[in-house]
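What follows is model13.cif (mmCIF, N, CA and C atoms).
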```
data_structure
#
loop_
_atom_site.label_atom_id
_atom_site.label_comp_id
_atom_site.auth_asym_id
_atom_site.auth_seq_id
_atom_site.Cartn_x
_atom_site.Cartn_y
_atom_site.Cartn_z
N MET A 224 0.84 -1.18 0.00
CA MET A 224 0.00 0.00 0.00
C MET A 224 0.88 1.24 0.00
N THR A 225 0.88 1.92 -1.11
CA THR A 225 1.67 3.12 -1.26
C THR A 225 0.87 4.34 -0.81
N ILE A 226 1.53 5.21 -0.10
CA ILE A 226 0.94 6.49 0.29
C ILE A 226 1.71 7.57 -0.44
N GLN A 227 1.00 8.41 -1.20
CA GLN A 227 1.62 9.52 -1.90
C GLN A 227 1.26 10.81 -1.18
N ARG A 228 2.27 11.62 -0.89
CA ARG A 228 2.05 12.91 -0.24
C ARG A 228 2.34 14.01 -1.26
N HIS A 229 1.34 14.81 -1.55
CA HIS A 229 1.45 15.87 -2.55
C HIS A 229 1.85 17.16 -1.84
N ASP A 230 2.98 17.71 -2.22
CA ASP A 230 3.48 18.96 -1.66
C ASP A 230 3.56 18.90 -0.12
N PRO A 231 4.33 17.94 0.41
CA PRO A 231 4.43 17.83 1.87
C PRO A 231 5.17 19.02 2.48
N GLN A 232 4.65 19.48 3.61
CA GLN A 232 5.24 20.56 4.39
C GLN A 232 5.58 20.02 5.77
N THR A 233 5.99 20.87 6.68
CA THR A 233 6.31 20.44 8.03
C THR A 233 5.09 19.91 8.76
N ARG A 234 3.96 20.64 8.68
CA ARG A 234 2.76 20.27 9.44
C ARG A 234 1.74 19.48 8.66
N MET A 235 1.78 19.57 7.34
CA MET A 235 0.75 18.91 6.53
C MET A 235 1.22 18.77 5.09
N SER A 236 0.49 17.95 4.37
CA SER A 236 0.65 17.83 2.92
C SER A 236 -0.60 18.44 2.30
N ARG A 237 -0.48 19.02 1.11
CA ARG A 237 -1.67 19.60 0.46
C ARG A 237 -2.69 18.52 0.15
N ALA A 238 -2.20 17.31 -0.15
CA ALA A 238 -3.09 16.17 -0.37
C ALA A 238 -2.31 14.89 -0.07
N VAL A 239 -3.02 13.89 0.38
CA VAL A 239 -2.45 12.57 0.60
C VAL A 239 -3.33 11.58 -0.15
N ILE A 240 -2.69 10.70 -0.93
CA ILE A 240 -3.42 9.73 -1.73
C ILE A 240 -3.07 8.34 -1.25
N HIS A 241 -4.12 7.54 -1.01
CA HIS A 241 -3.94 6.17 -0.55
C HIS A 241 -5.08 5.32 -1.09
N ASN A 242 -4.76 4.21 -1.72
CA ASN A 242 -5.76 3.29 -2.26
C ASN A 242 -6.79 3.99 -3.15
N GLY A 243 -6.35 4.89 -3.99
CA GLY A 243 -7.25 5.55 -4.94
C GLY A 243 -8.13 6.64 -4.35
N THR A 244 -7.85 7.01 -3.09
CA THR A 244 -8.62 8.08 -2.43
C THR A 244 -7.68 9.21 -2.08
N ALA A 245 -8.10 10.44 -2.37
CA ALA A 245 -7.32 11.64 -2.06
C ALA A 245 -7.95 12.39 -0.91
N TYR A 246 -7.12 12.77 0.04
CA TYR A 246 -7.54 13.55 1.20
C TYR A 246 -6.88 14.91 1.08
N LEU A 247 -7.67 15.95 0.88
CA LEU A 247 -7.13 17.30 0.71
C LEU A 247 -7.09 18.03 2.04
N CYS A 248 -6.02 18.79 2.25
CA CYS A 248 -5.95 19.61 3.45
C CYS A 248 -6.95 20.75 3.33
N GLY A 249 -7.15 21.47 4.41
CA GLY A 249 -8.08 22.60 4.40
C GLY A 249 -7.69 23.61 3.34
N GLN A 250 -8.66 24.03 2.55
CA GLN A 250 -8.45 25.01 1.49
C GLN A 250 -9.22 26.28 1.83
N VAL A 251 -8.57 27.41 1.61
CA VAL A 251 -9.18 28.71 1.86
C VAL A 251 -9.05 29.56 0.60
N THR A 252 -9.56 30.76 0.66
CA THR A 252 -9.48 31.68 -0.45
C THR A 252 -8.02 32.02 -0.79
N GLY A 253 -7.81 32.44 -2.02
CA GLY A 253 -6.51 32.97 -2.41
C GLY A 253 -6.37 34.40 -1.94
N ALA A 254 -5.18 34.93 -2.04
CA ALA A 254 -4.90 36.29 -1.58
C ALA A 254 -5.78 37.33 -2.27
N GLU A 255 -6.17 37.07 -3.53
CA GLU A 255 -6.95 38.05 -4.28
C GLU A 255 -8.33 38.30 -3.68
N ALA A 256 -8.84 37.36 -2.88
CA ALA A 256 -10.19 37.52 -2.32
C ALA A 256 -10.21 37.58 -0.79
N ARG A 257 -9.06 37.70 -0.17
CA ARG A 257 -9.00 37.70 1.31
C ARG A 257 -9.86 38.78 1.94
N ASP A 258 -10.00 39.92 1.27
CA ASP A 258 -10.83 40.99 1.82
C ASP A 258 -12.25 40.97 1.27
N GLY A 259 -12.56 39.92 0.48
CA GLY A 259 -13.87 39.85 -0.15
C GLY A 259 -14.95 39.30 0.77
N ASP A 260 -16.18 39.34 0.29
CA ASP A 260 -17.30 38.79 1.05
C ASP A 260 -17.31 37.26 0.92
N ILE A 261 -18.31 36.62 1.52
CA ILE A 261 -18.36 35.15 1.51
C ILE A 261 -18.48 34.61 0.09
N THR A 262 -19.18 35.30 -0.78
CA THR A 262 -19.31 34.84 -2.17
C THR A 262 -17.95 34.85 -2.86
N ALA A 263 -17.24 35.94 -2.77
CA ALA A 263 -15.91 36.03 -3.40
C ALA A 263 -14.95 35.00 -2.81
N GLN A 264 -14.97 34.84 -1.50
CA GLN A 264 -14.06 33.88 -0.86
C GLN A 264 -14.41 32.44 -1.24
N THR A 265 -15.70 32.13 -1.34
CA THR A 265 -16.10 30.77 -1.71
C THR A 265 -15.71 30.47 -3.15
N ILE A 266 -15.93 31.41 -4.04
CA ILE A 266 -15.53 31.23 -5.45
C ILE A 266 -14.03 30.99 -5.54
N SER A 267 -13.25 31.81 -4.87
CA SER A 267 -11.79 31.67 -4.89
C SER A 267 -11.36 30.33 -4.30
N MET A 268 -11.93 29.96 -3.17
CA MET A 268 -11.58 28.71 -2.50
C MET A 268 -11.88 27.51 -3.41
N LEU A 269 -13.05 27.49 -4.01
CA LEU A 269 -13.42 26.36 -4.86
C LEU A 269 -12.58 26.32 -6.14
N SER A 270 -12.16 27.46 -6.63
CA SER A 270 -11.25 27.49 -7.77
C SER A 270 -9.91 26.84 -7.40
N ARG A 271 -9.43 27.13 -6.20
CA ARG A 271 -8.19 26.51 -5.72
C ARG A 271 -8.37 25.00 -5.52
N VAL A 272 -9.53 24.60 -5.02
CA VAL A 272 -9.83 23.17 -4.85
C VAL A 272 -9.80 22.48 -6.21
N GLU A 273 -10.45 23.09 -7.19
CA GLU A 273 -10.51 22.50 -8.53
C GLU A 273 -9.11 22.33 -9.11
N ALA A 274 -8.25 23.31 -8.94
CA ALA A 274 -6.87 23.22 -9.44
C ALA A 274 -6.11 22.10 -8.73
N LEU A 275 -6.28 21.97 -7.42
CA LEU A 275 -5.60 20.91 -6.69
C LEU A 275 -6.13 19.54 -7.10
N LEU A 276 -7.43 19.41 -7.27
CA LEU A 276 -7.98 18.14 -7.73
C LEU A 276 -7.38 17.75 -9.08
N GLU A 277 -7.27 18.71 -9.99
CA GLU A 277 -6.67 18.44 -11.30
C GLU A 277 -5.23 17.99 -11.16
N GLU A 278 -4.46 18.66 -10.30
CA GLU A 278 -3.06 18.30 -10.09
C GLU A 278 -2.89 16.84 -9.64
N ILE A 279 -3.82 16.36 -8.84
CA ILE A 279 -3.66 15.02 -8.27
C ILE A 279 -4.43 13.94 -9.03
N GLY A 280 -5.10 14.31 -10.13
CA GLY A 280 -5.78 13.32 -10.96
C GLY A 280 -7.21 13.04 -10.57
N SER A 281 -7.91 14.06 -10.09
CA SER A 281 -9.31 13.91 -9.74
C SER A 281 -10.08 15.12 -10.28
N ASP A 282 -11.36 15.21 -9.93
CA ASP A 282 -12.17 16.35 -10.35
C ASP A 282 -13.43 16.43 -9.49
N ARG A 283 -14.27 17.42 -9.78
CA ARG A 283 -15.48 17.65 -8.99
C ARG A 283 -16.46 16.48 -9.05
N GLU A 284 -16.45 15.70 -10.12
CA GLU A 284 -17.35 14.56 -10.24
C GLU A 284 -16.92 13.38 -9.38
N HIS A 285 -15.72 13.45 -8.81
CA HIS A 285 -15.21 12.35 -7.99
C HIS A 285 -15.14 12.70 -6.50
N LEU A 286 -15.82 13.78 -6.10
CA LEU A 286 -15.84 14.15 -4.68
C LEU A 286 -16.59 13.10 -3.88
N LEU A 287 -16.04 12.74 -2.73
CA LEU A 287 -16.69 11.77 -1.85
C LEU A 287 -17.30 12.44 -0.63
N SER A 288 -16.54 13.34 -0.01
CA SER A 288 -17.05 14.05 1.16
C SER A 288 -16.44 15.43 1.24
N ALA A 289 -17.17 16.32 1.92
CA ALA A 289 -16.70 17.69 2.12
C ALA A 289 -17.13 18.15 3.51
N THR A 290 -16.21 18.83 4.20
CA THR A 290 -16.54 19.50 5.44
C THR A 290 -16.24 20.97 5.23
N ILE A 291 -17.26 21.79 5.38
CA ILE A 291 -17.14 23.23 5.16
C ILE A 291 -17.22 23.93 6.52
N TYR A 292 -16.30 24.82 6.75
CA TYR A 292 -16.25 25.60 7.99
C TYR A 292 -16.57 27.05 7.65
N LEU A 293 -17.55 27.61 8.33
CA LEU A 293 -17.92 29.01 8.15
C LEU A 293 -17.60 29.79 9.42
N ALA A 294 -17.06 30.98 9.26
CA ALA A 294 -16.81 31.84 10.41
C ALA A 294 -18.12 32.37 10.98
N ASP A 295 -19.13 32.54 10.11
CA ASP A 295 -20.41 33.12 10.52
C ASP A 295 -21.55 32.33 9.88
N GLY A 296 -22.42 31.78 10.69
CA GLY A 296 -23.55 31.01 10.18
C GLY A 296 -24.48 31.82 9.29
N GLU A 297 -24.45 33.15 9.40
CA GLU A 297 -25.27 34.01 8.55
C GLU A 297 -24.84 33.91 7.08
N ASP A 298 -23.65 33.38 6.82
CA ASP A 298 -23.13 33.25 5.45
C ASP A 298 -23.54 31.95 4.77
N PHE A 299 -24.31 31.10 5.47
CA PHE A 299 -24.67 29.77 4.97
C PHE A 299 -25.35 29.83 3.60
N ALA A 300 -26.37 30.65 3.46
CA ALA A 300 -27.12 30.71 2.19
C ALA A 300 -26.26 31.21 1.04
N ALA A 301 -25.46 32.24 1.27
CA ALA A 301 -24.61 32.78 0.20
C ALA A 301 -23.53 31.78 -0.21
N MET A 302 -22.94 31.10 0.77
CA MET A 302 -21.95 30.07 0.45
C MET A 302 -22.61 28.95 -0.35
N ASN A 303 -23.82 28.52 0.07
CA ASN A 303 -24.52 27.44 -0.63
C ASN A 303 -24.86 27.81 -2.07
N ALA A 304 -25.14 29.07 -2.35
CA ALA A 304 -25.43 29.49 -3.72
C ALA A 304 -24.24 29.23 -4.62
N VAL A 305 -23.04 29.52 -4.13
CA VAL A 305 -21.82 29.26 -4.91
C VAL A 305 -21.57 27.76 -5.00
N TRP A 306 -21.68 27.07 -3.86
CA TRP A 306 -21.45 25.63 -3.82
C TRP A 306 -22.38 24.89 -4.78
N ASP A 307 -23.68 25.23 -4.74
CA ASP A 307 -24.65 24.54 -5.58
C ASP A 307 -24.35 24.70 -7.07
N ALA A 308 -23.85 25.86 -7.46
CA ALA A 308 -23.49 26.09 -8.87
C ALA A 308 -22.20 25.36 -9.24
N TRP A 309 -21.34 25.10 -8.27
CA TRP A 309 -20.02 24.49 -8.52
C TRP A 309 -20.09 22.97 -8.60
N VAL A 310 -20.92 22.34 -7.78
CA VAL A 310 -20.99 20.87 -7.76
C VAL A 310 -21.81 20.39 -8.96
N PRO A 311 -21.23 19.48 -9.76
CA PRO A 311 -21.96 18.98 -10.93
C PRO A 311 -23.24 18.23 -10.52
N ASP A 312 -24.30 18.42 -11.29
CA ASP A 312 -25.56 17.73 -11.01
C ASP A 312 -25.33 16.23 -10.87
N GLY A 313 -25.90 15.65 -9.84
CA GLY A 313 -25.79 14.21 -9.62
C GLY A 313 -24.50 13.76 -8.97
N HIS A 314 -23.62 14.71 -8.59
CA HIS A 314 -22.31 14.33 -8.03
C HIS A 314 -22.05 14.99 -6.68
N ALA A 315 -23.09 15.34 -5.96
CA ALA A 315 -22.90 15.97 -4.64
C ALA A 315 -22.26 14.97 -3.67
N PRO A 316 -21.22 15.38 -2.97
CA PRO A 316 -20.59 14.50 -1.99
C PRO A 316 -21.38 14.49 -0.68
N ALA A 317 -21.05 13.56 0.20
CA ALA A 317 -21.53 13.66 1.57
C ALA A 317 -20.94 14.96 2.11
N ARG A 318 -21.73 15.73 2.87
CA ARG A 318 -21.25 17.06 3.26
C ARG A 318 -21.70 17.43 4.66
N THR A 319 -20.82 18.13 5.36
CA THR A 319 -21.11 18.70 6.66
C THR A 319 -20.70 20.16 6.61
N CYS A 320 -21.47 21.02 7.27
CA CYS A 320 -21.12 22.43 7.37
C CYS A 320 -21.13 22.81 8.85
N ILE A 321 -20.05 23.43 9.29
CA ILE A 321 -19.84 23.75 10.69
C ILE A 321 -19.49 25.23 10.83
N VAL A 322 -20.01 25.88 11.85
CA VAL A 322 -19.57 27.23 12.19
C VAL A 322 -18.41 27.08 13.17
N ALA A 323 -17.29 27.69 12.81
CA ALA A 323 -16.07 27.53 13.62
C ALA A 323 -15.16 28.74 13.44
N PRO A 324 -14.31 28.99 14.44
CA PRO A 324 -13.32 30.06 14.28
C PRO A 324 -12.38 29.73 13.12
N MET A 325 -11.94 30.74 12.40
CA MET A 325 -11.01 30.57 11.30
C MET A 325 -9.57 30.81 11.78
N PRO A 326 -8.60 30.26 11.06
CA PRO A 326 -7.20 30.43 11.46
C PRO A 326 -6.67 31.86 11.27
N ALA A 327 -7.38 32.66 10.49
CA ALA A 327 -7.02 34.07 10.30
C ALA A 327 -8.31 34.89 10.31
N ARG A 328 -8.28 36.03 10.90
CA ARG A 328 -9.47 36.87 11.10
C ARG A 328 -10.21 37.20 9.80
N GLU A 329 -9.48 37.42 8.70
CA GLU A 329 -10.14 37.82 7.45
C GLU A 329 -10.81 36.66 6.71
N LEU A 330 -10.53 35.43 7.10
CA LEU A 330 -11.12 34.27 6.42
C LEU A 330 -12.56 34.05 6.86
N LYS A 331 -13.40 33.73 5.88
CA LYS A 331 -14.82 33.51 6.14
C LYS A 331 -15.22 32.05 5.93
N VAL A 332 -14.40 31.28 5.17
CA VAL A 332 -14.77 29.91 4.82
C VAL A 332 -13.51 29.07 4.58
N GLU A 333 -13.61 27.80 4.94
CA GLU A 333 -12.55 26.82 4.70
C GLU A 333 -13.23 25.51 4.37
N ILE A 334 -12.58 24.68 3.56
CA ILE A 334 -13.16 23.38 3.19
C ILE A 334 -12.09 22.30 3.23
N THR A 335 -12.50 21.13 3.65
CA THR A 335 -11.67 19.92 3.59
C THR A 335 -12.44 18.90 2.76
N LEU A 336 -11.76 18.25 1.82
CA LEU A 336 -12.42 17.34 0.91
C LEU A 336 -11.72 15.99 0.84
N THR A 337 -12.52 14.98 0.50
CA THR A 337 -12.01 13.67 0.14
C THR A 337 -12.56 13.38 -1.24
N ALA A 338 -11.70 12.84 -2.12
CA ALA A 338 -12.12 12.56 -3.50
C ALA A 338 -11.49 11.27 -3.99
N ALA A 339 -12.17 10.62 -4.90
CA ALA A 339 -11.62 9.44 -5.56
C ALA A 339 -10.70 9.93 -6.68
N ILE A 340 -9.65 9.18 -6.93
CA ILE A 340 -8.78 9.46 -8.08
C ILE A 340 -9.44 8.85 -9.31
N LYS A 341 -9.39 9.55 -10.44
CA LYS A 341 -10.02 9.06 -11.68
C LYS A 341 -9.32 7.82 -12.17
#
```

Would you mind writing the file's structure down as structure tokens?
Amino acid sequence: MTIQRHDPQTRMSRAVIHNGTAYLCGQVTGAEARDGDITAQTISMLSRVEALLEEIGSDREHLLSATIYLADGEDFAAMNAVWDAWVPDGHAPARTCIVAPMPARELKVEITLTAAIK
């Protein structure tokens, strides 16, 4: 059983692949949207997720589970509007959404995903 670590750092790897399953580390918005609202941050975050999925040989149709962390529960509907447009019809993963403190004050949303490799 081979374990592949994608872009390993001291504390984490951006993704770990084992037995055809990819586990992505928490993804947040890029610098361009750090001061943006929840819609801008969610769009940026999911764009980064999509790029990472492509790098490791997966895509949005192969998502298995997602855990979304919101700094403010009032942002749930706006985040869901972006999420619903991003997830391909018929390919919604198992999902949990939690209100939790963010690692940086300006962050409004973070996501952790598990996906199958194509």

Give me the residues of region 237-290 of chain A that have any atom at most 8 Å from an atom of region 327-338 of chain A; for each, the nearest atom pair and the distance in Å, rounded to one decimal. Use all atoms listed in the file, sort by chain and number, and format it as a tab-separated table.
```
residue	atom	partner	partner_atom	distance
A:Gly243	C	A:Ala338	C	5.7
A:Thr244	CA	A:Ala338	C	4.6
A:Ala245	N	A:Ala338	C	3.8
A:Tyr246	CA	A:Thr337	CA	4.6
A:Leu247	N	A:Leu336	C	4.1
A:Cys248	C	A:Thr335	CA	4.8
A:Gly249	CA	A:Ile334	C	4.2
A:Gln250	N	A:Ile334	C	3.9
A:Val251	CA	A:Glu333	CA	4.8
A:Thr252	N	A:Val332	C	5.8
A:Ala256	C	A:Glu329	C	7.6
A:Arg257	C	A:Glu329	C	5.3
A:Asp258	N	A:Glu329	C	6.4
A:Gly259	N	A:Glu329	C	7.2
A:Asp260	C	A:Lys331	CA	6.9
A:Ile261	CA	A:Lys331	CA	6.1
A:Gln264	C	A:Val332	N	6.5
A:Thr265	N	A:Val332	CA	6.6
A:Met268	CA	A:Ile334	N	7.3
A:Ser281	CA	A:Ala338	C	6.7
A:Asp282	N	A:Ala338	CA	7.0
A:Glu284	C	A:Ala338	CA	7.6
A:His285	C	A:Ala338	CA	4.3
A:Leu286	CA	A:Ala338	CA	4.2
A:Leu287	N	A:Thr337	C	3.8
A:Ser288	C	A:Thr337	N	4.0
A:Ala289	CA	A:Leu336	CA	4.5
A:Thr290	N	A:Thr335	C	4.0
```

Each residue of region 246-277 of chain A with at least one atom at most 8 Å from region 305-325 of chain A should appear once, together with its nearest atom pair and the corresponding distance in Å (one decimal); atoms considered: all atoms listed in the file; ordering: chain, then increasing residue number; output as a tab-separated table.
```
residue	atom	partner	partner_atom	distance
A:Thr262	CA	A:Val305	CA	6.7
A:Thr265	C	A:Val305	CA	6.5
A:Ile266	N	A:Val305	CA	6.3
A:Leu269	CA	A:Trp309	CA	7.8
```

- What does the distance between atom N of Glu255 (chain A) and atom N of Leu293 (chain A) come to in Å, to one decimal place?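 Those two atoms sit 19.0 Å apart.
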
- Task: Run DSSP on the backbone of this structure and report the residues of region 268-313 of chain A it assigns to helix (DSSP H, G or I), as a count of residues only.
- Result: 29

Contact table region 237-261 of chain A vs region 224-228 of chain A, cut-off 6 Å, shortest pair per residue, only C-alpha atoms, as a tab-separated table:
```
residue	atom	partner	partner_atom	distance
A:Val239	CA	A:Arg228	CA	4.6
A:Ile240	CA	A:Gln227	CA	5.0
A:His241	CA	A:Ile226	CA	5.0
```
